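Trainee: Input file: structure25.cif. Contents: mmCIF, C-alpha atoms.
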data_start
#
loop_
_atom_site.label_atom_id
_atom_site.label_comp_id
_atom_site.auth_asym_id
_atom_site.auth_seq_id
_atom_site.Cartn_x
_atom_site.Cartn_y
_atom_site.Cartn_z
CA MET R 228 0.00 0.00 0.00
CA SER R 229 1.31 3.43 -0.85
CA THR R 230 2.05 5.95 1.83
CA PRO R 231 0.47 9.44 1.73
CA GLU R 232 3.88 10.91 0.85
CA THR R 233 4.12 8.95 -2.39
CA ASP R 234 0.58 10.01 -3.47
CA VAL R 235 1.58 13.67 -3.68
CA PRO R 236 2.61 14.36 -7.30
CA GLU R 237 6.01 15.86 -7.78
CA PHE R 238 5.75 19.57 -8.59
CA PRO R 239 8.05 20.49 -11.47
CA SER R 240 10.61 23.23 -10.97
CA SER R 241 9.85 26.79 -12.06
CA ALA R 242 12.59 26.49 -14.68
CA LYS R 243 10.80 23.52 -16.20
CA LEU R 244 7.46 25.38 -16.31
CA ILE R 245 9.04 28.51 -17.80
CA SER R 246 11.04 26.58 -20.36
CA SER R 247 8.01 24.62 -21.59
CA LEU R 248 5.88 27.76 -21.89
CA GLY R 249 8.80 29.57 -23.53
CA LEU R 250 9.25 26.84 -26.13
CA VAL R 251 5.55 26.79 -27.01
CA ALA R 252 5.47 30.61 -27.22
CA MET R 253 8.53 30.55 -29.48
CA ILE R 254 6.99 28.00 -31.87
CA SER R 255 3.78 30.04 -31.83
CA GLY R 256 5.56 33.31 -32.58
CA LEU R 257 7.59 31.77 -35.38
CA LEU R 258 4.52 30.29 -37.10
CA VAL R 259 2.52 33.52 -36.80
CA VAL R 260 5.37 35.66 -38.19
CA LEU R 261 5.99 33.29 -41.12
CA VAL R 262 2.34 33.18 -42.16
CA TYR R 263 1.88 36.94 -41.56
CA GLU R 264 4.84 37.78 -43.80
CA PHE R 265 3.63 35.36 -46.46
CA THR R 266 0.01 36.57 -46.53
CA LYS R 267 0.64 40.31 -46.00
CA PRO R 268 1.08 41.28 -49.69
CA ILE R 269 -1.81 39.02 -50.75
CA ILE R 270 -4.15 40.56 -48.16
CA ALA R 271 -3.06 44.09 -49.18
CA GLU R 272 -3.84 43.29 -52.82
CA ASN R 273 -7.22 41.81 -51.85
CA GLN R 274 -8.00 44.98 -49.90
CA ARG R 275 -7.04 47.13 -52.87
CA LEU R 276 -9.28 45.11 -55.18
CA ALA R 277 -12.14 45.25 -52.67
CA THR R 278 -11.79 49.04 -52.47
CA GLU R 279 -11.74 49.32 -56.25
CA ARG R 280 -14.85 47.15 -56.58
CA ALA R 281 -16.59 49.23 -53.91
CA ILE R 282 -15.73 52.52 -55.68
CA PHE R 283 -17.27 51.39 -58.97
CA LYS R 284 -20.24 49.92 -57.14
CA ILE R 285 -21.16 53.09 -55.25
CA LEU R 286 -20.32 55.34 -58.22
CA PRO R 287 -21.76 53.34 -61.13
CA ASN R 288 -21.08 56.04 -63.77
CA ALA R 289 -17.36 56.00 -63.06
CA VAL R 290 -14.88 54.41 -65.46
CA THR R 291 -11.60 55.63 -63.99
CA ARG R 292 -10.45 56.85 -60.62
CA LEU R 293 -7.57 58.66 -58.96
CA THR R 294 -6.33 58.28 -55.41
CA PHE R 295 -5.46 61.30 -53.27
CA VAL R 296 -3.96 61.53 -49.82
CA VAL R 297 -5.01 64.21 -47.35
CA LYS R 298 -2.11 66.46 -46.29
CA GLY R 299 -3.45 69.02 -43.86
CA GLU R 300 -5.96 71.05 -45.86
CA ARG R 301 -4.60 69.91 -49.23
CA LEU R 302 -5.03 66.82 -51.38
CA GLU R 303 -2.05 65.23 -53.09
CA LEU R 304 -2.11 62.63 -55.83
CA ALA R 305 -1.05 59.27 -54.40
CA ASP R 306 -1.21 55.55 -55.02
CA ASP R 307 -3.17 52.91 -53.11
CA LYS R 308 -0.11 51.82 -51.12
CA ASN R 309 0.16 55.26 -49.55
CA THR R 310 -0.51 55.39 -45.84
CA GLY R 311 -2.70 58.12 -44.42
CA GLU R 312 -6.23 59.26 -45.16
CA LEU R 313 -7.01 58.29 -48.76
CA ILE R 314 -9.84 59.63 -50.87
CA TYR R 315 -10.85 58.44 -54.34
CA ALA R 316 -12.06 60.73 -57.12
CA ALA R 317 -14.05 58.94 -59.84
CA TYR R 318 -14.44 60.13 -63.45
CA ASP R 319 -16.58 59.19 -66.45
CA ASN R 320 -15.58 58.66 -70.09
CA ASN R 321 -15.45 62.44 -70.64
CA LYS R 322 -13.05 62.85 -67.73
CA GLN R 323 -15.78 64.60 -65.76
CA LEU R 324 -15.84 64.13 -61.99
CA VAL R 325 -18.79 61.85 -61.12
CA GLY R 326 -18.22 61.66 -57.38
CA ILE R 327 -15.83 61.15 -54.51
CA ALA R 328 -15.47 57.91 -52.53
CA LEU R 329 -14.49 58.39 -48.91
CA ASN R 330 -13.62 56.06 -46.04
CA ALA R 331 -15.55 55.97 -42.79
CA ALA R 332 -14.78 53.80 -39.79
CA ALA R 333 -16.16 53.20 -36.32
CA GLN R 334 -15.34 50.85 -33.51
CA GLY R 335 -17.71 47.92 -33.55
CA TYR R 336 -18.25 45.28 -30.89
CA GLN R 337 -15.36 43.12 -32.07
CA ASP R 338 -13.15 45.26 -34.27
CA SER R 339 -13.40 48.40 -36.40
CA VAL R 340 -16.08 48.48 -39.09
CA LYS R 341 -15.05 50.21 -42.33
CA LEU R 342 -17.32 51.69 -44.98
CA LEU R 343 -16.67 53.40 -48.29
CA TYR R 344 -19.31 55.97 -49.21
CA ALA R 345 -20.04 58.12 -52.26
CA PHE R 346 -20.19 61.92 -51.94
CA GLN R 347 -21.47 64.19 -54.70
CA PRO R 348 -19.77 67.60 -54.25
CA ASN R 349 -22.18 69.33 -56.66
CA THR R 350 -25.31 68.40 -54.73
CA GLY R 351 -23.76 67.90 -51.29
CA CYS R 352 -25.37 64.45 -51.06
CA ILE R 353 -24.13 61.08 -49.86
CA THR R 354 -25.56 58.69 -52.43
CA GLY R 355 -24.47 55.22 -51.35
CA PHE R 356 -22.03 53.11 -49.38
CA ASP R 357 -20.46 49.67 -49.24
CA VAL R 358 -19.05 47.70 -46.30
CA LEU R 359 -15.30 47.15 -46.71
CA LYS R 360 -14.51 45.43 -43.45
CA SER R 361 -16.62 44.03 -40.70
CA THR R 362 -15.75 41.33 -38.23
CA GLU R 363 -18.99 41.84 -36.37
CA THR R 364 -21.51 39.10 -35.73
CA PRO R 365 -22.72 37.96 -39.16
CA GLY R 366 -25.75 40.01 -40.08
CA PHE R 367 -24.17 43.44 -39.57
CA GLY R 368 -22.82 43.75 -43.10
CA THR R 369 -25.79 42.16 -44.78
CA LYS R 370 -28.59 44.03 -43.03
CA ILE R 371 -27.33 47.56 -43.69
CA THR R 372 -26.61 46.73 -47.31
CA SER R 373 -29.88 44.89 -48.00
CA ASP R 374 -32.65 46.65 -46.04
CA ILE R 375 -34.58 48.59 -48.68
CA GLY R 376 -35.93 51.17 -46.22
CA PHE R 377 -32.45 51.88 -44.88
CA LEU R 378 -30.93 52.19 -48.36
CA ALA R 379 -33.65 54.73 -49.26
CA ASN R 380 -31.85 57.14 -46.88
CA PHE R 381 -29.02 57.27 -49.39
CA LYS R 382 -30.91 58.55 -52.41
CA CYS R 383 -29.63 61.90 -51.19
CA LEU R 384 -28.42 62.10 -47.61
CA THR R 385 -27.57 65.78 -47.21
CA ALA R 386 -23.99 66.35 -46.09
CA SER R 387 -23.37 69.77 -47.64
CA VAL R 388 -20.64 72.08 -46.42
CA ASN R 389 -21.24 75.67 -45.19
CA THR R 390 -20.21 78.70 -47.25
CA GLU R 391 -16.91 79.07 -45.33
CA LYS R 392 -16.11 75.45 -46.29
CA SER R 393 -15.20 74.73 -42.70
CA THR R 394 -17.87 72.29 -41.51
CA LEU R 395 -21.15 70.62 -42.43
CA ASN R 396 -24.36 72.66 -42.55
CA HIS R 397 -26.13 69.97 -40.52
CA GLU R 398 -24.81 67.12 -38.47
CA ILE R 399 -25.68 63.69 -39.91
CA ARG R 400 -27.56 61.68 -37.31
CA THR R 401 -29.58 58.52 -37.06
CA VAL R 402 -33.15 58.80 -35.81
CA ARG R 403 -35.58 56.17 -34.59
CA HIS R 404 -37.35 54.18 -37.32
CA GLY R 405 -40.21 56.16 -38.81
CA THR R 406 -39.28 59.54 -37.29
CA LYS R 407 -37.06 60.94 -40.06
CA GLN R 408 -37.97 64.58 -40.83
CA HIS R 409 -34.90 66.09 -42.48
CA PRO R 410 -32.74 64.99 -45.43
CA TRP R 411 -29.63 64.86 -43.20
CA GLU R 412 -31.24 62.29 -40.89
CA ILE R 413 -30.91 58.52 -41.29
CA ASP R 414 -34.02 56.47 -40.64
CA ALA R 415 -32.80 53.54 -38.51
CA ILE R 416 -33.53 49.90 -39.33
CA SER R 417 -36.29 48.68 -37.05
CA GLY R 418 -34.76 46.19 -34.62
CA SER R 419 -31.22 47.09 -35.60
CA THR R 420 -30.80 50.53 -34.04
CA ILE R 421 -27.24 49.99 -32.80
CA THR R 422 -26.02 49.15 -36.30
CA SER R 423 -27.87 52.10 -37.82
CA ASN R 424 -26.48 54.44 -35.17
CA ALA R 425 -22.95 53.20 -35.90
CA VAL R 426 -23.40 54.01 -39.60
CA GLY R 427 -24.71 57.52 -38.79
CA ARG R 428 -21.87 58.15 -36.36
CA MET R 429 -19.11 57.06 -38.73
CA LEU R 430 -20.56 58.98 -41.69
CA ASN R 431 -20.89 62.14 -39.63
CA GLN R 432 -17.35 61.84 -38.28
CA SER R 433 -15.87 61.28 -41.73
CA ALA R 434 -18.01 63.93 -43.45
CA GLN R 435 -17.20 66.55 -40.80
CA SER R 436 -13.47 66.14 -41.38
CA LEU R 437 -13.27 65.29 -45.10
CA HIS R 438 -16.10 67.11 -46.89
CA PRO R 439 -14.68 70.61 -46.15
CA ILE R 440 -11.29 69.49 -47.54
CA VAL R 441 -12.94 68.04 -50.66
CA MET R 442 -14.86 71.27 -51.26
CA GLN R 443 -11.73 73.41 -50.75
CA ASN R 444 -9.90 71.30 -53.37
CA LEU R 445 -12.82 70.72 -55.70
CA ASP R 446 -11.33 72.58 -58.68
CA ALA R 447 -8.10 70.60 -58.42
CA LEU R 448 -10.08 67.34 -58.22
CA LYS R 449 -12.12 68.23 -61.32
CA LYS R 450 -9.00 69.05 -63.33
CA ALA R 451 -6.83 66.19 -62.05
CA GLN R 452 -7.91 63.68 -64.70
CA GLU R 453 -7.30 66.12 -67.55
CA GLN R 454 -3.66 66.59 -66.61
CA MET W 1095 4.32 15.98 -16.44
CA THR W 1096 1.79 14.13 -18.55
CA GLN W 1097 2.64 10.45 -18.65
CA PRO W 1098 1.97 8.42 -21.78
CA THR W 1099 -0.47 5.55 -21.46
CA LYS W 1100 1.27 2.30 -20.68
CA GLN W 1101 0.07 0.51 -23.79
CA GLU W 1102 -1.62 2.51 -26.47
CA ALA W 1103 -4.38 0.90 -28.49
CA PRO W 1104 -3.41 0.44 -32.15
CA LEU W 1105 -4.61 2.81 -34.86
CA THR W 1106 -7.82 1.43 -36.33
CA MET W 1107 -10.44 2.74 -38.71
CA ASP W 1108 -12.66 3.45 -35.67
CA VAL W 1109 -10.29 6.23 -34.56
CA PHE W 1110 -11.24 8.08 -37.75
CA THR W 1111 -14.89 7.09 -38.15
CA ASN W 1112 -15.95 7.63 -34.51
CA GLY W 1113 -15.73 11.39 -34.93
CA LEU W 1114 -17.54 11.30 -38.24
CA TRP W 1115 -20.80 9.86 -36.98
CA LYS W 1116 -20.81 7.63 -33.86
CA ASP W 1117 -19.33 10.36 -31.63
CA ASN W 1118 -20.21 13.29 -33.90
CA PRO W 1119 -19.15 16.46 -32.05
CA VAL W 1120 -22.40 18.28 -32.82
CA PHE W 1121 -25.13 15.64 -32.99
CA VAL W 1122 -23.79 13.38 -30.22
CA MET W 1123 -21.38 15.35 -28.01
CA MET W 1124 -23.13 18.72 -28.55
CA LEU W 1125 -19.82 20.59 -28.59
CA GLY W 1126 -18.97 23.89 -30.30
CA LEU W 1127 -22.60 24.86 -30.76
CA CYS W 1128 -21.93 28.62 -30.92
CA PRO W 1129 -20.49 28.61 -34.48
CA VAL W 1130 -22.86 25.79 -35.41
CA LEU W 1131 -25.86 28.01 -34.74
CA ALA W 1132 -24.30 31.27 -35.87
CA VAL W 1133 -22.64 30.68 -39.23
CA THR W 1134 -24.77 27.95 -40.76
CA ASN W 1135 -27.08 30.33 -42.62
CA SER W 1136 -25.52 29.20 -45.91
CA VAL W 1137 -23.61 26.15 -47.17
CA ILE W 1138 -20.53 28.13 -48.18
CA ASN W 1139 -20.23 29.70 -44.72
CA SER W 1140 -20.66 26.27 -43.12
CA LEU W 1141 -18.00 24.75 -45.35
CA ALA W 1142 -15.54 27.56 -44.70
CA MET W 1143 -16.05 27.35 -40.94
CA GLY W 1144 -15.75 23.55 -41.12
CA ILE W 1145 -12.50 23.64 -43.10
CA ALA W 1146 -11.04 26.29 -40.76
CA SER W 1147 -11.99 24.14 -37.75
CA ILE W 1148 -10.47 21.00 -39.34
CA PHE W 1149 -7.20 22.87 -39.91
CA VAL W 1150 -7.07 24.17 -36.32
CA LEU W 1151 -8.14 20.82 -34.87
CA VAL W 1152 -5.64 18.70 -36.81
CA CYS W 1153 -2.68 21.08 -36.40
CA SER W 1154 -3.26 21.82 -32.71
CA ASN W 1155 -3.85 18.16 -31.83
CA THR W 1156 -0.71 17.12 -33.73
CA LEU W 1157 1.42 19.72 -31.95
CA VAL W 1158 -0.10 18.92 -28.55
CA SER W 1159 0.60 15.24 -29.12
CA MET W 1160 4.18 15.96 -30.21
CA LEU W 1161 4.82 18.01 -27.07
CA ARG W 1162 2.80 15.81 -24.67
CA HIS W 1163 5.82 14.38 -22.85
CA PHE W 1164 7.37 17.81 -22.52
CA ILE W 1165 4.41 19.87 -21.24
CA PRO W 1166 4.06 19.80 -17.43
CA LYS W 1167 0.53 18.99 -16.21
CA GLN W 1168 0.33 22.26 -14.28
CA VAL W 1169 0.58 24.46 -17.39
CA ARG W 1170 -1.05 22.17 -19.94
CA ILE W 1171 -4.28 24.15 -20.44
CA THR W 1172 -2.34 27.41 -20.91
CA THR W 1173 -0.10 25.69 -23.42
CA TYR W 1174 -3.02 24.17 -25.32
CA ILE W 1175 -4.72 27.57 -25.55
CA ILE W 1176 -1.51 29.17 -26.91
CA ILE W 1177 -1.22 26.40 -29.51
CA ILE W 1178 -4.89 26.66 -30.53
CA ALA W 1179 -4.74 30.48 -30.67
CA THR W 1180 -1.68 30.26 -32.91
CA PHE W 1181 -3.41 28.11 -35.48
CA VAL W 1182 -6.56 30.24 -35.31
CA THR W 1183 -4.42 33.32 -36.07
CA LEU W 1184 -2.90 31.48 -39.04
CA VAL W 1185 -6.38 30.53 -40.33
CA ASP W 1186 -7.47 34.15 -39.87
CA TYR W 1187 -4.64 35.42 -42.11
CA MET W 1188 -5.14 32.64 -44.63
CA ILE W 1189 -8.87 33.29 -45.06
CA GLN W 1190 -8.15 37.00 -45.51
CA ALA W 1191 -5.67 36.05 -48.22
CA ILE W 1192 -8.10 33.64 -49.92
CA SER W 1193 -11.23 35.81 -49.85
CA LEU W 1194 -11.99 39.03 -47.97
CA ASP W 1195 -15.66 38.59 -48.78
CA LEU W 1196 -15.73 35.21 -47.05
CA TYR W 1197 -13.74 36.66 -44.15
CA ASN W 1198 -16.32 39.43 -43.70
CA ARG W 1199 -19.19 36.96 -43.85
CA LEU W 1200 -17.72 34.69 -41.19
CA GLY W 1201 -17.14 37.73 -38.99
CA ALA W 1202 -15.97 37.22 -35.44
CA PHE W 1203 -16.50 33.47 -35.55
CA ILE W 1204 -13.09 32.75 -37.05
CA GLN W 1205 -11.35 34.27 -34.02
CA LEU W 1206 -13.86 32.55 -31.74
CA ILE W 1207 -12.60 29.11 -32.87
CA VAL W 1208 -10.06 29.66 -30.05
CA VAL W 1209 -12.80 29.10 -27.48
CA ASN W 1210 -14.51 26.25 -29.33
CA CYS W 1211 -14.67 23.62 -26.58
CA LEU W 1212 -14.42 20.84 -29.18
CA ILE W 1213 -10.82 21.77 -29.98
CA LEU W 1214 -9.63 22.22 -26.41
CA GLY W 1215 -11.61 19.13 -25.41
CA ARG W 1216 -9.87 16.95 -28.01
CA ALA W 1217 -6.45 18.33 -27.04
CA GLU W 1218 -7.04 17.50 -23.37
CA ALA W 1219 -8.95 14.24 -23.74
CA TYR W 1220 -7.20 12.66 -26.72
CA ALA W 1221 -4.10 14.34 -28.13
CA SER W 1222 -2.36 14.64 -24.74
CA LYS W 1223 -2.72 10.87 -24.23
CA ASN W 1224 -2.10 9.44 -27.70
CA ASN W 1225 0.64 9.38 -30.32
CA VAL W 1226 0.89 11.92 -33.14
CA LEU W 1227 -0.61 9.75 -35.88
CA LYS W 1228 -3.63 8.68 -33.84
CA SER W 1229 -4.21 12.24 -32.64
CA ALA W 1230 -4.07 13.62 -36.18
CA VAL W 1231 -6.37 10.91 -37.57
CA SER W 1232 -8.86 11.32 -34.73
CA ALA W 1233 -8.79 15.12 -35.15
CA LEU W 1234 -9.42 14.75 -38.88
CA GLY W 1235 -12.40 12.48 -38.21
CA MET W 1236 -13.79 14.87 -35.60
CA GLY W 1237 -13.21 17.86 -37.90
CA LEU W 1238 -14.96 16.17 -40.81
CA GLY W 1239 -17.83 15.17 -38.49
CA PHE W 1240 -18.10 18.80 -37.34
CA THR W 1241 -18.06 20.00 -40.96
CA LEU W 1242 -20.67 17.41 -41.95
CA ALA W 1243 -22.98 18.67 -39.18
CA LEU W 1244 -22.40 22.31 -40.21
CA VAL W 1245 -23.18 21.54 -43.86
CA MET W 1246 -26.28 19.53 -42.91
CA LEU W 1247 -27.59 22.55 -41.02
CA GLY W 1248 -26.41 25.05 -43.60
CA SER W 1249 -28.02 23.30 -46.56
CA VAL W 1250 -31.45 23.12 -44.91
CA ARG W 1251 -31.27 26.73 -43.75
CA GLU W 1252 -30.09 28.08 -47.12
CA LEU W 1253 -32.63 26.00 -49.02
CA LEU W 1254 -35.60 27.10 -46.94
CA GLY W 1255 -34.33 30.55 -46.01
CA ALA W 1256 -33.24 31.70 -49.46
CA GLY W 1257 -34.48 29.03 -51.89
CA GLN W 1258 -30.86 28.45 -52.92
CA LEU W 1259 -28.09 25.89 -52.47
CA LEU W 1260 -24.45 27.01 -52.70
CA GLY W 1261 -25.75 30.27 -54.16
CA TYR W 1262 -27.66 28.56 -57.01
CA GLN W 1263 -31.41 29.07 -57.20
CA VAL W 1264 -33.17 25.77 -56.47
CA PHE W 1265 -36.79 26.79 -56.01
CA SER W 1266 -38.70 28.91 -58.49
CA THR W 1267 -39.00 32.66 -58.00
CA GLN W 1268 -42.54 32.11 -56.73
CA PHE W 1269 -41.12 30.43 -53.62
CA GLU W 1270 -41.46 32.72 -50.61
CA PRO W 1271 -38.24 32.30 -48.53
CA TRP W 1272 -38.68 31.40 -44.86
CA VAL W 1273 -36.62 34.29 -43.58
CA VAL W 1274 -36.66 32.87 -40.04
CA MET W 1275 -34.40 30.04 -41.24
CA ILE W 1276 -31.44 32.34 -41.91
CA LEU W 1277 -32.00 34.20 -38.64
CA PRO W 1278 -30.74 32.83 -35.27
CA PRO W 1279 -34.03 31.06 -34.36
CA GLY W 1280 -33.70 29.10 -37.62
CA GLY W 1281 -30.42 27.63 -36.33
CA PHE W 1282 -32.14 26.28 -33.21
CA ILE W 1283 -35.12 24.95 -35.20
CA VAL W 1284 -32.96 23.11 -37.75
CA LEU W 1285 -30.54 21.74 -35.13
CA GLY W 1286 -33.48 20.50 -33.05
CA SER W 1287 -35.09 18.92 -36.11
CA TRP W 1288 -31.89 17.10 -37.11
CA LEU W 1289 -31.41 15.83 -33.53
CA LEU W 1290 -35.02 14.61 -33.49
CA LEU W 1291 -34.60 12.77 -36.77
CA ILE W 1292 -31.22 11.23 -35.89
CA ASN W 1293 -32.37 10.10 -32.46
CA TYR W 1294 -35.59 8.68 -33.92
CA PHE W 1295 -33.61 6.45 -36.32
CA LYS W 1296 -31.13 5.58 -33.58
CA GLN W 1297 -33.96 4.47 -31.26
CA ARG W 1298 -35.61 2.51 -34.06
CA LYS W 1299 -32.34 0.71 -34.77
CA ILE W 1300 -31.88 -0.11 -31.07
CA GLY W 1301 -35.50 -1.33 -30.90
CA LYS W 1302 -34.93 -3.62 -33.88
CA LEU W 1303 -31.73 -5.01 -32.34
CA ILE W 1304 -33.50 -5.73 -29.04
CA ALA W 1305 -36.37 -7.39 -30.89
CA ALA W 1306 -33.95 -9.51 -32.94
CA GLU W 1307 -32.04 -10.50 -29.78
CA SER W 1308 -35.17 -11.50 -27.88
CA ALA W 1309 -36.40 -13.45 -30.92
CA SER W 1310 -33.14 -15.41 -31.08
CA HIS W 1311 -33.41 -16.15 -27.30
CA CYS W 1312 -36.93 -17.45 -27.79
CA SER W 1313 -35.87 -19.69 -30.67
CA ILE W 1314 -32.96 -21.10 -28.62
CA LYS W 1315 -35.31 -21.89 -25.68
CA SER W 1316 -37.89 -23.54 -27.90
#
Could you quickly redo this structure as structure tokens?
Mentor:
Amino acid sequence: MSTPETDVPEFPSSAKLISSLGLVAMISGLLVVLVYEFTKPIIAENQRLATERAIFKILPNAVTRLTFVVKGERLELADDKNTGELIYAAYDNNKQLVGIALNAAAQGYQDSVKLLYAFQPNTGCITGFDVLKSTETPGFGTKITSDIGFLANFKCLTASVNTEKSTLNHEIRTVRHGTKQHPWEIDAISGSTITSNAVGRMLNQSAQSLHPIVMQNLDALKKAQEQ
Amino acid sequence: MTQPTKQEAPLTMDVFTNGLWKDNPVFVMMLGLCPVLAVTNSVINSLAMGIASIFVLVCSNTLVSMLRHFIPKQVRITTYIIIIATFVTLVDYMIQAISLDLYNRLGAFIQLIVVNCLILGRAEAYASKNNVLKSAVSALGMGLGFTLALVMLGSVRELLGAGQLLGYQVFSTQFEPWVVMILPPGGFIVLGSWLLLINYFKQRKIGKLIAAESASHCSIKS
């Protein structure tokens, strides 16, 4: 019969515990770095293609586009690999500006949610959007892009800039379903108010900072394709 | 430190097939139900989640089995979680590289494979006690069984909820989709229905076996 002393399992030394955890962490780190480095350019290219598809989806009359990066109050011609705030100017066959595609992002439950939306500088309207990235619970991306009532908000969501070109005339905000009164309000999806509010918040934030810059550089944007 | 079993049972076909049906992780063990209910609103989502889970399950079980003599018992769960999280991160990058659209549709559930109790359960209950080959084969069987269950749910939900299968229209345009099927309650309804059907056939089979056994006893006595 075994004595109580022999029943007690031997506790491994701290060095043993640390070394085993260290080895596993090292293998883990190595694998993650290898796969990250391998997939990084592929993911970047996928993101570029997704952005391109989204631009031509939300601005259906466009045939070409140019990328600009925001530098203070100015816009500079850039490529898609450029870091910083990018905006996309889209042109038709006659090299006429048909609209601007802008990024909007907000913190979701899991990670940031990114949209690309179309802004018409001539009318001051937001006329559509597409979800670029969403790691939210499935349903987020599909509901805001498929609910007919919600999409009706974007026939012309007013986001015009004041005469000083410093800020929006009216703040974009989401209102409860069925209570929309003004063209700068978004009628929320019934039963999906949090999602609708997130869209309103991110559009307002982006429009407040980017629309004044777009309007200040509108002439340059119109002429950019001709050069 | 985890001790290996004194005499390991040999690798048989059962190691692979048990996970497929007899001990199916969803229909029998009821493990990993969160992604089962959440992402099975279409066949393609179910397949993608299934393949991602197979990859994580096979790789993590293989690595756990390889390191089983080295990992002290006191830190085994921590180690398993690090290993599982590593392979989930790899799957996350790989799906982004394969298709961003698919990645967006699967949403948070790719990252949540880390906490799928099926994977940790197999690492603790099987891979830490068996050799690499058996652990990998068993994980493959379990992964395929998990995928099979996901696809069984996904096909019913997509068919009734959208009138489609793998994105192709199956029913005519006059078919009114049962929207509830692609919403969360649809997951519970379809899972419950499959369990009902499977258990009904299981009970019927058991009943027949008992009847056959008692008939043979009677014939022996007479």
Trainee: Would you pick out the contacts of stretch 317-333 of chain R at 6 Å or less, using all atoms listed in the file, so that residues sharing its chain but fewer than 2 positions from it are not included, and give the list as a count of residues only?
Mentor: 19
Trainee: For the structure provided, state which residues fall under the PyMOL selection byres ((chain W) within 6 of (chain R)), and present them as a PyMOL selection string.
Mentor: chain W and resi 1165+1180+1190-1191+1198-1199+1201-1202
Trainee: Skipping near chain neighbours, those fewer than 3 positions away, what residues fall within 10 Å of W:Val1284 using all atoms listed in the file, listed as a VMD selection string?
Mentor: chain W and resid 1131 1134 1246 to 1248 1250 to 1251 1275 1279 to 1281 1287 to 1290
Trainee: If you measure from atom CA of W:Leu1259 to atom CA of W:Asn1139, what distance in Å do you get, rounded to one decimal?
Mentor: 11.7 Å
Trainee: When the PyMOL selection byres ((chain R and resi 412-428) around 8) is applied to the file above, which residues end up in the set, as JSON, numbers by chain?
Mentor: {"R": [333, 335, 367, 371, 374, 376, 377, 380, 384, 399, 400, 401, 402, 403, 404, 405, 406, 407, 408, 409, 410, 411, 429, 430, 431, 432]}
Trainee: What does the file look like for those residues with C-alpha atoms, as an mmCIF file, in the frame of the given file?
Mentor:
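In the end it all went to selection.cif:
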data_model
loop_
_atom_site.group_PDB
_atom_site.id
_atom_site.type_symbol
_atom_site.label_atom_id
_atom_site.label_comp_id
_atom_site.auth_asym_id
_atom_site.auth_seq_id
_atom_site.Cartn_x
_atom_site.Cartn_y
_atom_site.Cartn_z
ATOM 1 C CA ALA R 333 -16.160 53.200 -36.320
ATOM 2 C CA GLY R 335 -17.710 47.920 -33.550
ATOM 3 C CA PHE R 367 -24.170 43.440 -39.570
ATOM 4 C CA ILE R 371 -27.330 47.560 -43.690
ATOM 5 C CA ASP R 374 -32.650 46.650 -46.040
ATOM 6 C CA GLY R 376 -35.930 51.170 -46.220
ATOM 7 C CA PHE R 377 -32.450 51.880 -44.880
ATOM 8 C CA ASN R 380 -31.850 57.140 -46.880
ATOM 9 C CA LEU R 384 -28.420 62.100 -47.610
ATOM 10 C CA ILE R 399 -25.680 63.690 -39.910
ATOM 11 C CA ARG R 400 -27.560 61.680 -37.310
ATOM 12 C CA THR R 401 -29.580 58.520 -37.060
ATOM 13 C CA VAL R 402 -33.150 58.800 -35.810
ATOM 14 C CA ARG R 403 -35.580 56.170 -34.590
ATOM 15 C CA HIS R 404 -37.350 54.180 -37.320
ATOM 16 C CA GLY R 405 -40.210 56.160 -38.810
ATOM 17 C CA THR R 406 -39.280 59.540 -37.290
ATOM 18 C CA LYS R 407 -37.060 60.940 -40.060
ATOM 19 C CA GLN R 408 -37.970 64.580 -40.830
ATOM 20 C CA HIS R 409 -34.900 66.090 -42.480
ATOM 21 C CA PRO R 410 -32.740 64.990 -45.430
ATOM 22 C CA TRP R 411 -29.630 64.860 -43.200
ATOM 23 C CA MET R 429 -19.110 57.060 -38.730
ATOM 24 C CA LEU R 430 -20.560 58.980 -41.690
ATOM 25 C CA ASN R 431 -20.890 62.140 -39.630
ATOM 26 C CA GLN R 432 -17.350 61.840 -38.280
#
Trainee: Can you tell me which residues surround R:Phe381 at a distance of at most 6 Å, considering only C-alpha atoms, apart from same-chain residues fewer than 3 positions away, and format the answer as number ranges by chain?
Mentor: R: 354-355, 378, 384
Trainee: Quick one: what's the axis-aligned box for stretch 1162-1170 of chain W, all listed atoms, 5 Å on every side, centre and edges in Å to one decimal, as AutoDock Vina command-line options?
Mentor:
--center_x 3.2 --center_y 19.4 --center_z -19.5 --size_x 18.4 --size_y 20.1 --size_z 20.4
Trainee: Run the PyMOL selection byres ((chain W and resi 1147-1161) around 9) mentally over the shown coordinates, then write out the matched residues as JSON, numbers by chain, using the chain letters and numbers from the document.
Mentor: {"R": [251], "W": [1142, 1143, 1144, 1145, 1146, 1162, 1163, 1164, 1165, 1173, 1174, 1177, 1178, 1179, 1180, 1181, 1182, 1184, 1185, 1204, 1207, 1208, 1212, 1213, 1214, 1216, 1217, 1218, 1220, 1221, 1222, 1223, 1224, 1225, 1226, 1227, 1228, 1229, 1230, 1231, 1232, 1233, 1234, 1235, 1236, 1237, 1238, 1240, 1241]}
Trainee: Tell me which protein, DNA and RNA residues are within 10 Å of R:Ala447, counting only C-alpha atoms, leaving out same-chain ones fewer than 6 positions away, and put them as a PyMOL selection string.
Mentor: chain R and resi 301-303+441
Trainee: In Å to one decimal, how far is atom CA of W:Leu1114 from atom CA of W:Val1130?
Mentor: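 Straight-line distance from atom CA of W:Val1130 to atom CA of W:Leu1114 works out to 15.7 Å.
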